[in-house]
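Quick look at input11.cif (mmCIF, C-alpha atoms and all ligand atoms):
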```cif
data_structure
#
loop_
_atom_site.label_atom_id
_atom_site.label_comp_id
_atom_site.auth_asym_id
_atom_site.auth_seq_id
_atom_site.Cartn_x
_atom_site.Cartn_y
_atom_site.Cartn_z
CA MET A 19 -33.75 45.14 107.51
CA ASP A 20 -35.37 41.81 108.00
CA GLN A 21 -33.39 40.37 105.13
CA GLN A 22 -30.16 41.70 106.51
CA MET A 23 -31.12 40.16 109.79
CA ASP A 24 -31.68 36.87 108.00
CA ILE A 25 -28.24 37.11 106.53
CA TYR A 26 -26.64 37.56 109.83
CA VAL A 27 -28.77 34.95 111.39
CA ASN A 28 -27.91 32.43 108.62
CA GLU A 29 -24.20 33.02 108.96
CA GLU A 30 -24.19 31.85 112.47
CA GLY A 31 -23.64 28.35 113.60
CA PRO A 32 -21.14 25.75 112.38
CA PHE A 33 -23.75 23.53 110.70
CA GLY A 34 -25.93 24.17 107.53
CA TYR A 35 -23.54 26.68 106.22
CA SER A 36 -23.95 25.72 102.58
CA GLY A 37 -27.72 25.84 102.56
CA LYS A 38 -27.62 29.16 104.18
CA ARG A 39 -25.12 30.37 101.61
CA LYS A 40 -27.38 29.38 98.72
CA SER A 41 -30.26 31.06 100.41
CA LEU A 42 -28.12 34.12 100.77
CA ALA A 43 -27.23 34.17 97.00
CA LYS A 44 -30.78 33.75 95.96
CA SER A 45 -31.81 36.50 98.23
CA SER A 46 -29.12 38.72 96.76
CA GLU A 47 -30.39 38.09 93.24
CA ASN A 48 -33.87 38.92 94.29
CA ILE A 49 -32.59 42.04 95.89
CA TYR A 50 -30.67 42.96 92.72
CA GLU A 51 -33.66 42.34 90.52
CA SER A 52 -35.79 44.37 92.83
CA LEU A 53 -33.35 47.20 92.86
CA LYS A 54 -32.90 47.07 89.07
CA SER A 55 -36.59 47.03 88.43
CA ASN A 56 -37.01 49.80 90.86
CA ARG A 57 -34.30 51.94 89.25
CA THR A 58 -35.04 51.46 85.39
CA GLY A 59 -38.65 50.93 85.11
CA PRO A 60 -40.50 50.55 81.76
CA ALA A 61 -37.68 52.13 79.58
CA LEU A 62 -35.21 49.43 80.47
CA SER A 63 -37.73 46.78 79.58
CA VAL A 64 -38.11 48.17 75.97
CA ALA A 65 -34.36 48.35 75.49
CA GLU A 66 -34.11 44.81 76.66
CA ASP A 67 -36.66 43.75 74.02
CA VAL A 68 -34.79 45.60 71.29
CA LYS A 69 -31.59 43.99 72.40
CA LYS A 70 -33.19 40.56 72.26
CA SER A 71 -34.63 41.21 68.79
CA SER A 72 -31.19 42.25 67.58
CA CYS A 73 -29.73 39.13 69.01
CA ARG A 74 -32.34 37.06 67.29
CA ALA A 75 -31.69 38.77 63.95
CA ALA A 76 -27.98 38.27 64.39
CA ALA A 77 -28.60 34.68 65.23
CA VAL A 78 -30.75 34.28 62.14
CA CYS A 79 -28.10 35.91 59.97
CA LEU A 80 -25.47 33.77 61.55
CA GLY A 81 -27.61 30.72 60.88
CA VAL A 82 -28.11 31.72 57.27
CA LEU A 83 -24.38 32.30 56.88
CA CYS A 84 -23.68 28.94 58.45
CA LEU A 85 -26.19 27.39 56.08
CA LEU A 86 -24.57 29.09 53.10
CA LEU A 87 -21.14 28.04 54.31
CA LEU A 88 -22.38 24.52 54.78
CA THR A 89 -23.92 24.53 51.31
CA GLY A 90 -20.70 25.90 49.82
CA LEU A 91 -18.70 23.38 51.75
CA ILE A 92 -20.91 20.55 50.51
CA THR A 93 -20.63 21.89 46.97
CA LEU A 94 -16.87 22.05 47.26
CA VAL A 95 -16.79 18.55 48.68
CA CYS A 96 -19.00 17.30 45.81
CA LEU A 97 -16.86 19.09 43.26
CA PHE A 98 -13.75 17.72 44.90
CA ILE A 99 -15.18 14.20 44.92
CA LYS A 100 -16.32 14.58 41.31
CA GLY A 101 -12.98 16.02 40.29
CA ASN A 102 -11.22 13.37 42.24
CA SER A 103 -13.31 10.69 40.54
CA GLU A 104 -12.56 12.13 37.11
CA TRP A 105 -8.89 12.33 38.00
CA GLU A 106 -8.95 8.75 39.23
CA MET A 107 -10.73 7.75 36.01
CA LYS A 108 -8.10 9.54 33.98
CA MET A 109 -5.40 7.88 36.03
CA VAL A 110 -6.99 4.48 35.37
CA LEU A 111 -7.23 5.22 31.66
CA LEU A 112 -3.65 6.47 31.62
CA HIS A 113 -2.56 3.40 33.53
CA ASN A 114 -4.38 1.15 31.07
CA SER A 115 -2.87 3.07 28.17
CA PHE A 116 0.55 2.78 29.71
CA THR A 117 0.01 -0.95 30.24
CA ASN A 118 -1.14 -1.40 26.66
CA LEU A 119 1.77 0.65 25.37
CA THR A 120 4.13 -1.40 27.47
CA GLN A 121 2.67 -4.62 26.06
CA GLU A 122 2.88 -3.24 22.53
CA ARG A 123 6.45 -2.18 23.18
CA ASP A 124 7.27 -5.67 24.44
CA GLN A 125 5.56 -7.22 21.42
CA LEU A 126 7.44 -4.88 19.11
CA GLN A 127 10.64 -5.72 20.90
CA THR A 128 9.89 -9.41 20.47
CA SER A 129 9.03 -8.90 16.81
CA PHE A 130 12.17 -6.85 16.32
CA THR A 131 14.21 -9.58 17.98
CA ASN A 132 12.61 -12.24 15.78
CA LEU A 133 13.11 -10.11 12.68
CA THR A 134 16.71 -9.55 13.65
CA LYS A 135 17.18 -13.31 14.05
CA GLY A 136 15.43 -13.89 10.73
CA ARG A 137 17.60 -11.27 9.07
CA ASP A 138 20.72 -12.87 10.52
CA GLN A 139 19.57 -16.30 9.30
CA LEU A 140 18.83 -14.87 5.86
CA GLN A 141 22.20 -13.14 5.89
CA THR A 142 23.83 -16.44 6.77
CA SER A 143 21.83 -18.26 4.10
CA PHE A 144 22.68 -15.55 1.59
CA THR A 145 26.35 -15.84 2.48
CA ASN A 146 26.22 -19.62 2.13
CA LEU A 147 24.33 -19.37 -1.16
CA THR A 148 26.82 -16.81 -2.40
CA GLN A 149 29.67 -19.14 -1.52
CA GLU A 150 27.88 -22.06 -3.17
CA ARG A 151 27.18 -19.90 -6.23
CA ASP A 152 30.82 -18.91 -6.43
CA GLN A 153 31.86 -22.53 -6.07
CA PHE A 154 29.29 -23.56 -8.69
CA GLN A 155 30.47 -20.83 -11.05
CA LYS A 156 34.04 -21.96 -10.53
CA ARG A 157 33.02 -25.57 -11.25
CA VAL A 158 31.16 -24.40 -14.38
CA GLU A 159 34.19 -22.41 -15.48
CA ASP A 160 36.40 -25.40 -14.80
CA MET A 161 34.03 -27.66 -16.75
CA ALA A 162 33.87 -25.13 -19.59
CA ASN A 163 37.65 -25.03 -19.69
CA GLU A 164 37.73 -28.83 -19.62
CA ILE A 165 35.21 -28.93 -22.47
CA ILE A 166 37.28 -26.42 -24.43
CA ASP A 167 40.39 -28.48 -23.84
CA PHE A 168 38.54 -31.67 -24.73
CA ARG A 169 37.11 -30.04 -27.86
CA LYS A 170 40.56 -28.89 -28.88
CA LYS A 171 41.93 -32.36 -28.37
CA LEU A 172 38.97 -33.85 -30.24
CA GLN A 173 39.35 -31.33 -33.03
CA ASP A 174 43.01 -32.13 -33.26
CA GLN A 175 42.18 -35.80 -33.39
CA TYR A 176 39.45 -35.31 -36.03
CA ASN A 177 41.63 -32.90 -37.96
CA LYS A 178 44.25 -35.61 -38.19
CA GLN A 179 41.52 -37.84 -39.67
CA GLY A 180 40.50 -35.17 -42.21
CA TRP A 181 37.53 -33.65 -40.33
CA VAL A 182 36.98 -29.88 -40.05
CA TYR A 183 35.11 -28.30 -37.16
CA PHE A 184 32.57 -25.48 -37.67
CA SER A 185 29.80 -24.24 -35.40
CA GLY A 186 29.08 -27.47 -33.59
CA SER A 187 29.73 -29.92 -36.40
CA PHE A 188 32.63 -31.78 -37.92
CA TYR A 189 32.83 -32.01 -41.72
CA HIS A 190 34.69 -34.49 -43.83
CA VAL A 191 35.24 -34.09 -47.54
CA SER A 192 35.92 -37.10 -49.68
CA SER A 193 38.89 -37.49 -51.89
CA THR A 194 37.12 -40.05 -54.08
CA LYS A 195 33.86 -40.09 -56.01
CA LYS A 196 30.80 -42.22 -55.44
CA SER A 197 27.06 -42.22 -56.17
CA TRP A 198 24.80 -40.33 -53.83
CA GLN A 199 23.84 -43.48 -51.94
CA GLY A 200 27.42 -44.77 -51.93
CA SER A 201 28.54 -41.43 -50.55
CA ARG A 202 25.91 -41.55 -47.85
CA ASP A 203 26.87 -45.08 -46.89
CA ASP A 204 30.45 -43.94 -46.44
CA CYS A 205 29.34 -41.10 -44.14
CA VAL A 206 27.13 -43.43 -42.07
CA GLN A 207 30.05 -45.79 -41.74
CA LYS A 208 32.06 -42.92 -40.26
CA GLY A 209 29.34 -42.22 -37.72
CA ALA A 210 28.01 -39.26 -39.70
CA ASP A 211 25.70 -38.56 -42.68
CA LEU A 212 25.67 -36.40 -45.76
CA VAL A 213 25.74 -32.74 -44.79
CA ILE A 214 22.50 -30.94 -43.92
CA ILE A 215 22.69 -27.20 -44.48
CA ASN A 216 20.76 -25.51 -41.71
CA SER A 217 21.82 -21.86 -42.07
CA ARG A 218 23.31 -19.22 -44.32
CA GLU A 219 26.52 -19.44 -42.30
CA GLU A 220 26.76 -23.16 -42.98
CA GLN A 221 25.97 -22.56 -46.69
CA GLU A 222 28.74 -19.97 -46.77
CA PHE A 223 31.08 -22.37 -44.97
CA MET A 224 30.46 -24.99 -47.69
CA ARG A 225 31.98 -22.67 -50.30
CA ARG A 226 35.42 -23.37 -48.92
CA PHE A 227 35.30 -26.91 -50.35
CA PRO A 228 36.16 -27.03 -54.08
CA LYS A 229 34.44 -29.15 -56.72
CA PRO A 230 30.78 -30.24 -56.79
CA ARG A 231 29.91 -32.55 -53.90
CA TRP A 232 26.86 -34.50 -52.82
CA ILE A 233 24.82 -33.08 -49.94
CA GLY A 234 22.16 -34.88 -47.89
CA LEU A 235 19.16 -33.65 -49.91
CA THR A 236 16.92 -35.75 -52.19
CA ASP A 237 13.43 -36.01 -53.69
CA ARG A 238 13.66 -39.70 -54.51
CA GLU A 239 10.55 -40.55 -52.52
CA THR A 240 8.28 -37.92 -54.03
CA GLU A 241 9.30 -35.85 -57.01
CA GLY A 242 9.62 -32.20 -56.15
CA ARG A 243 9.33 -32.87 -52.39
CA TRP A 244 12.88 -32.35 -51.22
CA LYS A 245 13.85 -33.80 -47.88
CA TRP A 246 17.04 -33.88 -45.87
CA VAL A 247 18.57 -37.18 -44.83
CA ASP A 248 17.24 -36.71 -41.30
CA GLY A 249 13.67 -36.68 -42.70
CA THR A 250 12.99 -32.94 -42.40
CA LEU A 251 11.46 -31.13 -45.33
CA LEU A 252 13.48 -28.50 -47.11
CA SER A 253 12.53 -25.00 -45.98
CA GLN A 254 15.44 -22.69 -46.81
CA SER A 255 17.10 -23.49 -50.12
CA TYR A 256 20.08 -22.15 -52.10
CA TRP A 257 19.38 -23.50 -55.60
CA ILE A 258 21.21 -22.15 -58.60
CA LEU A 259 18.88 -20.07 -60.71
CA SER A 260 16.51 -22.35 -62.71
CA GLU A 261 17.39 -25.36 -60.51
CA PRO A 262 16.19 -27.96 -59.65
CA ASN A 263 15.27 -28.68 -63.23
CA GLY A 264 15.51 -32.45 -63.93
CA HIS A 265 17.81 -31.60 -66.85
CA MET A 266 16.86 -33.12 -70.21
CA LEU A 267 13.88 -34.79 -68.50
CA ARG A 268 16.23 -36.95 -66.48
CA ASP A 269 15.25 -38.10 -63.06
CA GLU A 270 17.52 -35.80 -61.11
CA ASP A 271 16.64 -36.62 -57.52
CA CYS A 272 19.85 -35.88 -55.59
CA ALA A 273 21.37 -32.51 -54.72
CA GLU A 274 24.94 -31.36 -55.12
CA ILE A 275 26.70 -28.18 -54.05
CA SER A 276 29.44 -26.23 -55.81
CA ASN A 277 31.49 -23.32 -54.59
CA HIS A 278 31.41 -20.79 -57.38
CA LEU A 279 28.21 -19.05 -56.24
CA PHE A 280 26.46 -18.52 -52.95
CA ASN A 281 23.28 -20.07 -54.40
CA SER A 282 25.05 -23.17 -55.61
CA TRP A 283 22.74 -26.18 -55.44
CA ASN A 284 21.85 -28.37 -58.40
CA ASP A 285 19.85 -31.54 -58.78
CA ASP A 286 21.54 -34.38 -60.64
CA LEU A 287 21.28 -38.08 -61.31
CA CYS A 288 21.79 -39.96 -58.07
CA ASN A 289 23.92 -42.56 -59.79
CA SER A 290 26.41 -39.97 -60.93
CA GLU A 291 29.70 -40.30 -59.10
CA LYS A 292 30.82 -37.18 -57.25
CA PHE A 293 32.78 -36.14 -54.25
CA TRP A 294 30.71 -35.67 -51.13
CA ILE A 295 30.69 -33.98 -47.71
CA CYS A 296 29.89 -35.76 -44.46
CA GLU A 297 28.66 -33.94 -41.38
CA MET A 298 28.92 -35.20 -37.82
CA THR A 299 26.98 -33.18 -35.30
CA SER A 300 29.06 -32.63 -32.21
CA LEU A 301 27.68 -32.53 -28.69
CA LEU A 302 30.41 -30.10 -27.70
CA CA B 1 24.28 -28.90 -40.72
CA CA B 2 13.74 -34.87 -58.94
CA CA B 3 19.63 -30.01 -62.45
#
```
Render the structure in this file as structure tokens.
Ligand SMILES: [Ca+2]
Ligand SMILES: [Ca+2]
Ligand SMILES: [Ca+2]
Amino acid sequence: MDQQMDIYVNEEGPFGYSGKRKSLAKSSENIYESLKSNRTGPALSVAEDVKKSSCRAAAVCLGVLCLLLLTGLITLVCLFIKGNSEWEMKMVLLHNSFTNLTQERDQLQTSFTNLTKGRDQLQTSFTNLTQERDQFQKRVEDMANEIIDFRKKLQDQYNKQGWVYFSGSFYHVSSTKKSWQGSRDDCVQKGADLVIINSREEQEFMRRFPKPRWIGLTDRETEGRWKWVDGTLLSQSYWILSEPNGHMLRDEDCAEISNHLFNSWNDDLCNSEKFWICEMTSLL
């Protein structure tokens, strides 16, 4: 009753209304607490404790969950950062690889360009060389034809003078007889010398000339040491069987050739007068 009277008393008056209002609220709470404590008693107090314990447990669980979530979140962030770093590293490596590949591609492109230029230059050089070769071959063919023509003309000219051409040499057979030395002097005067037989073909060619004739072979310097007029020693010979023999112990030091046999050489006295054969080696 006194409190209610205070309420009414405090509501009066135009001034101090707020302070009175607060006083009124506080009084009401006290009244409510008093009433509540009066109504529930000790049982309500135990329930309140249980409720508080539950709240604490829930709070603890919530805290643990938050801690776990935070830990998981940190782990995820670390994994993300680690993964991100690895990805960035891979990206850097890929970028470097791409850069290197690009440089290698450019170098290869440059090399290919240079090789292409070199190939083109070689192709041009090859074409020029081919043209020069063709021109050179044509010049050689022209020169060969000129030589053939010149040789024909020369042969005709020598033929008119009694010379016969065979395998690079001109041959002249005499129509008169002289000693071996006289025969040789005549050949030298013609710009030639007594024939030197260098091959089987030349030996066979000699058989076309009839009658025994002096050839450019002698052993006047050393008996039995036959030499050609150019100073070379005799290696391949075509003596008649049992020749050279120095017949009847005569000093037969000069060689003659006849045409009746393939092996047709004979040694005879150098002062004997015989026909002879001159040979002029041709440069053609
Ligand atoms: Ca000869
Ligand atoms: Ca002799
Ligand atoms: Ca003889």
If you take only C-alpha atoms and all ligand atoms and a cut-off of 10 Å, which residues of chain A touch ligand CA 1 (chain B), and what are their nearest atom pairs and distances in Å to one decimal, in chain and number order, as JSON lines?
```
{"residue": "A:Phe184", "atom": "CA", "partner": "B:CA1", "partner_atom": "CA", "distance": 9.5}
{"residue": "A:Ser185", "atom": "CA", "partner": "B:CA1", "partner_atom": "CA", "distance": 9.0}
{"residue": "A:Gly186", "atom": "CA", "partner": "B:CA1", "partner_atom": "CA", "distance": 8.7}
{"residue": "A:Ser187", "atom": "CA", "partner": "B:CA1", "partner_atom": "CA", "distance": 7.0}
{"residue": "A:Phe188", "atom": "CA", "partner": "B:CA1", "partner_atom": "CA", "distance": 9.3}
{"residue": "A:Tyr189", "atom": "CA", "partner": "B:CA1", "partner_atom": "CA", "distance": 9.2}
{"residue": "A:Asp211", "atom": "CA", "partner": "B:CA1", "partner_atom": "CA", "distance": 10.0}
{"residue": "A:Leu212", "atom": "CA", "partner": "B:CA1", "partner_atom": "CA", "distance": 9.1}
{"residue": "A:Val213", "atom": "CA", "partner": "B:CA1", "partner_atom": "CA", "distance": 5.8}
{"residue": "A:Ile214", "atom": "CA", "partner": "B:CA1", "partner_atom": "CA", "distance": 4.2}
{"residue": "A:Ile215", "atom": "CA", "partner": "B:CA1", "partner_atom": "CA", "distance": 4.4}
{"residue": "A:Asn216", "atom": "CA", "partner": "B:CA1", "partner_atom": "CA", "distance": 5.0}
{"residue": "A:Ser217", "atom": "CA", "partner": "B:CA1", "partner_atom": "CA", "distance": 7.6}
{"residue": "A:Glu219", "atom": "CA", "partner": "B:CA1", "partner_atom": "CA", "distance": 9.8}
{"residue": "A:Glu220", "atom": "CA", "partner": "B:CA1", "partner_atom": "CA", "distance": 6.6}
{"residue": "A:Gln221", "atom": "CA", "partner": "B:CA1", "partner_atom": "CA", "distance": 8.9}
{"residue": "A:Gly234", "atom": "CA", "partner": "B:CA1", "partner_atom": "CA", "distance": 9.6}
{"residue": "A:Cys296", "atom": "CA", "partner": "B:CA1", "partner_atom": "CA", "distance": 9.6}
{"residue": "A:Glu297", "atom": "CA", "partner": "B:CA1", "partner_atom": "CA", "distance": 6.7}
{"residue": "A:Met298", "atom": "CA", "partner": "B:CA1", "partner_atom": "CA", "distance": 8.3}
{"residue": "A:Thr299", "atom": "CA", "partner": "B:CA1", "partner_atom": "CA", "distance": 7.4}
```
Determine, counting all atoms listed in the file, which protein, DNA and RNA residues have an atom within 12 Å of an atom of Pro262 in chain A; residues of the same chain fewer than 5 positions away are not included. Present the result as a PDB file with C-alpha atoms, keeping the file's coordinate frame.
```pdb
ATOM      1  CA  LEU A 235      19.160 -33.650 -49.910  1.00  0.00           C
ATOM      2  CA  THR A 236      16.920 -35.750 -52.190  1.00  0.00           C
ATOM      3  CA  ASP A 237      13.430 -36.010 -53.690  1.00  0.00           C
ATOM      4  CA  GLU A 241       9.300 -35.850 -57.010  1.00  0.00           C
ATOM      5  CA  GLY A 242       9.620 -32.200 -56.150  1.00  0.00           C
ATOM      6  CA  ARG A 243       9.330 -32.870 -52.390  1.00  0.00           C
ATOM      7  CA  TRP A 244      12.880 -32.350 -51.220  1.00  0.00           C
ATOM      8  CA  SER A 255      17.100 -23.490 -50.120  1.00  0.00           C
ATOM      9  CA  TYR A 256      20.080 -22.150 -52.100  1.00  0.00           C
ATOM     10  CA  TRP A 257      19.380 -23.500 -55.600  1.00  0.00           C
ATOM     11  CA  LEU A 267      13.880 -34.790 -68.500  1.00  0.00           C
ATOM     12  CA  ARG A 268      16.230 -36.950 -66.480  1.00  0.00           C
ATOM     13  CA  ASP A 269      15.250 -38.100 -63.060  1.00  0.00           C
ATOM     14  CA  GLU A 270      17.520 -35.800 -61.110  1.00  0.00           C
ATOM     15  CA  ASP A 271      16.640 -36.620 -57.520  1.00  0.00           C
ATOM     16  CA  CYS A 272      19.850 -35.880 -55.590  1.00  0.00           C
ATOM     17  CA  ALA A 273      21.370 -32.510 -54.720  1.00  0.00           C
ATOM     18  CA  GLU A 274      24.940 -31.360 -55.120  1.00  0.00           C
ATOM     19  CA  ILE A 275      26.700 -28.180 -54.050  1.00  0.00           C
ATOM     20  CA  ASN A 281      23.280 -20.070 -54.400  1.00  0.00           C
ATOM     21  CA  SER A 282      25.050 -23.170 -55.610  1.00  0.00           C
ATOM     22  CA  TRP A 283      22.740 -26.180 -55.440  1.00  0.00           C
ATOM     23  CA  ASN A 284      21.850 -28.370 -58.400  1.00  0.00           C
ATOM     24  CA  ASP A 285      19.850 -31.540 -58.780  1.00  0.00           C
ATOM     25  CA  ASP A 286      21.540 -34.380 -60.640  1.00  0.00           C
ATOM     26  CA  LEU A 287      21.280 -38.080 -61.310  1.00  0.00           C
TER      27      LEU A 287
END
```
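Restricting the calculation to all atoms listed in the file, the smallest distance between ligand CA 3 (chain B) and any of A:Gly249, A:Gly101, A:Gly264, A:Gly81 is found for A:Gly264.
Shortest separation to Glu291 in chain A among A:Arg238, A:Arg225, A:Lys196, A:Arg231 occurs at residue A:Lys196, atoms counted being only C-alpha atoms.
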Problem set entry | Residue list as a PyMOL selection string for point (21.6, -44.9, -42.1), cut-off 10 Å, only C-alpha atoms | chain A and resi 202-207+209-211+247-248
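CA of Lys171 in chain A to CA of Phe154 in chain A spans 25.0 Å [interatomic distance, one decimal].
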For this session: Report the distance between CA of His278 in chain A and CA of Met224 in chain A in Å, rounded to one decimal place.
Result: 10.6 Å
Exercise. Any idea what's packed within 8 Å of range 199-201 of chain A, counting all atoms listed in the file, ignoring anything in its chain fewer than 5 positions away? Could you give it as a ChimeraX atom specification?
Worked result: /A:212,232,288-289,293-294
Seminar exercise, completed: Using all atoms listed in the file, the shortest atom-to-atom distance to ligand CA 2 (chain B) among A:Gln179, A:Ser300, A:Thr145, A:Thr240 belongs to A:Thr240
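Going from CA of Trp181 in chain A to CA of Ser276 in chain A covers 19.0 Å.
Proximity of A:Gln139, A:Asn277, A:Asn263, A:Gln173 to ligand CA 3 (chain B), computed with all atoms listed in the file, is greatest for A:Asn263.
Minimum distance to Ser197 in chain A across A:Lys170, A:Lys292, A:Arg157, A:Lys100 (counting all atoms listed in the file) occurs at A:Lys292.
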Problem set entry | Minimum-distance residue to Thr194 in chain A, chosen among A:Ala75, A:Leu126, A:Leu111, A:Ile295 (using all atoms listed in the file) | A:Ile295
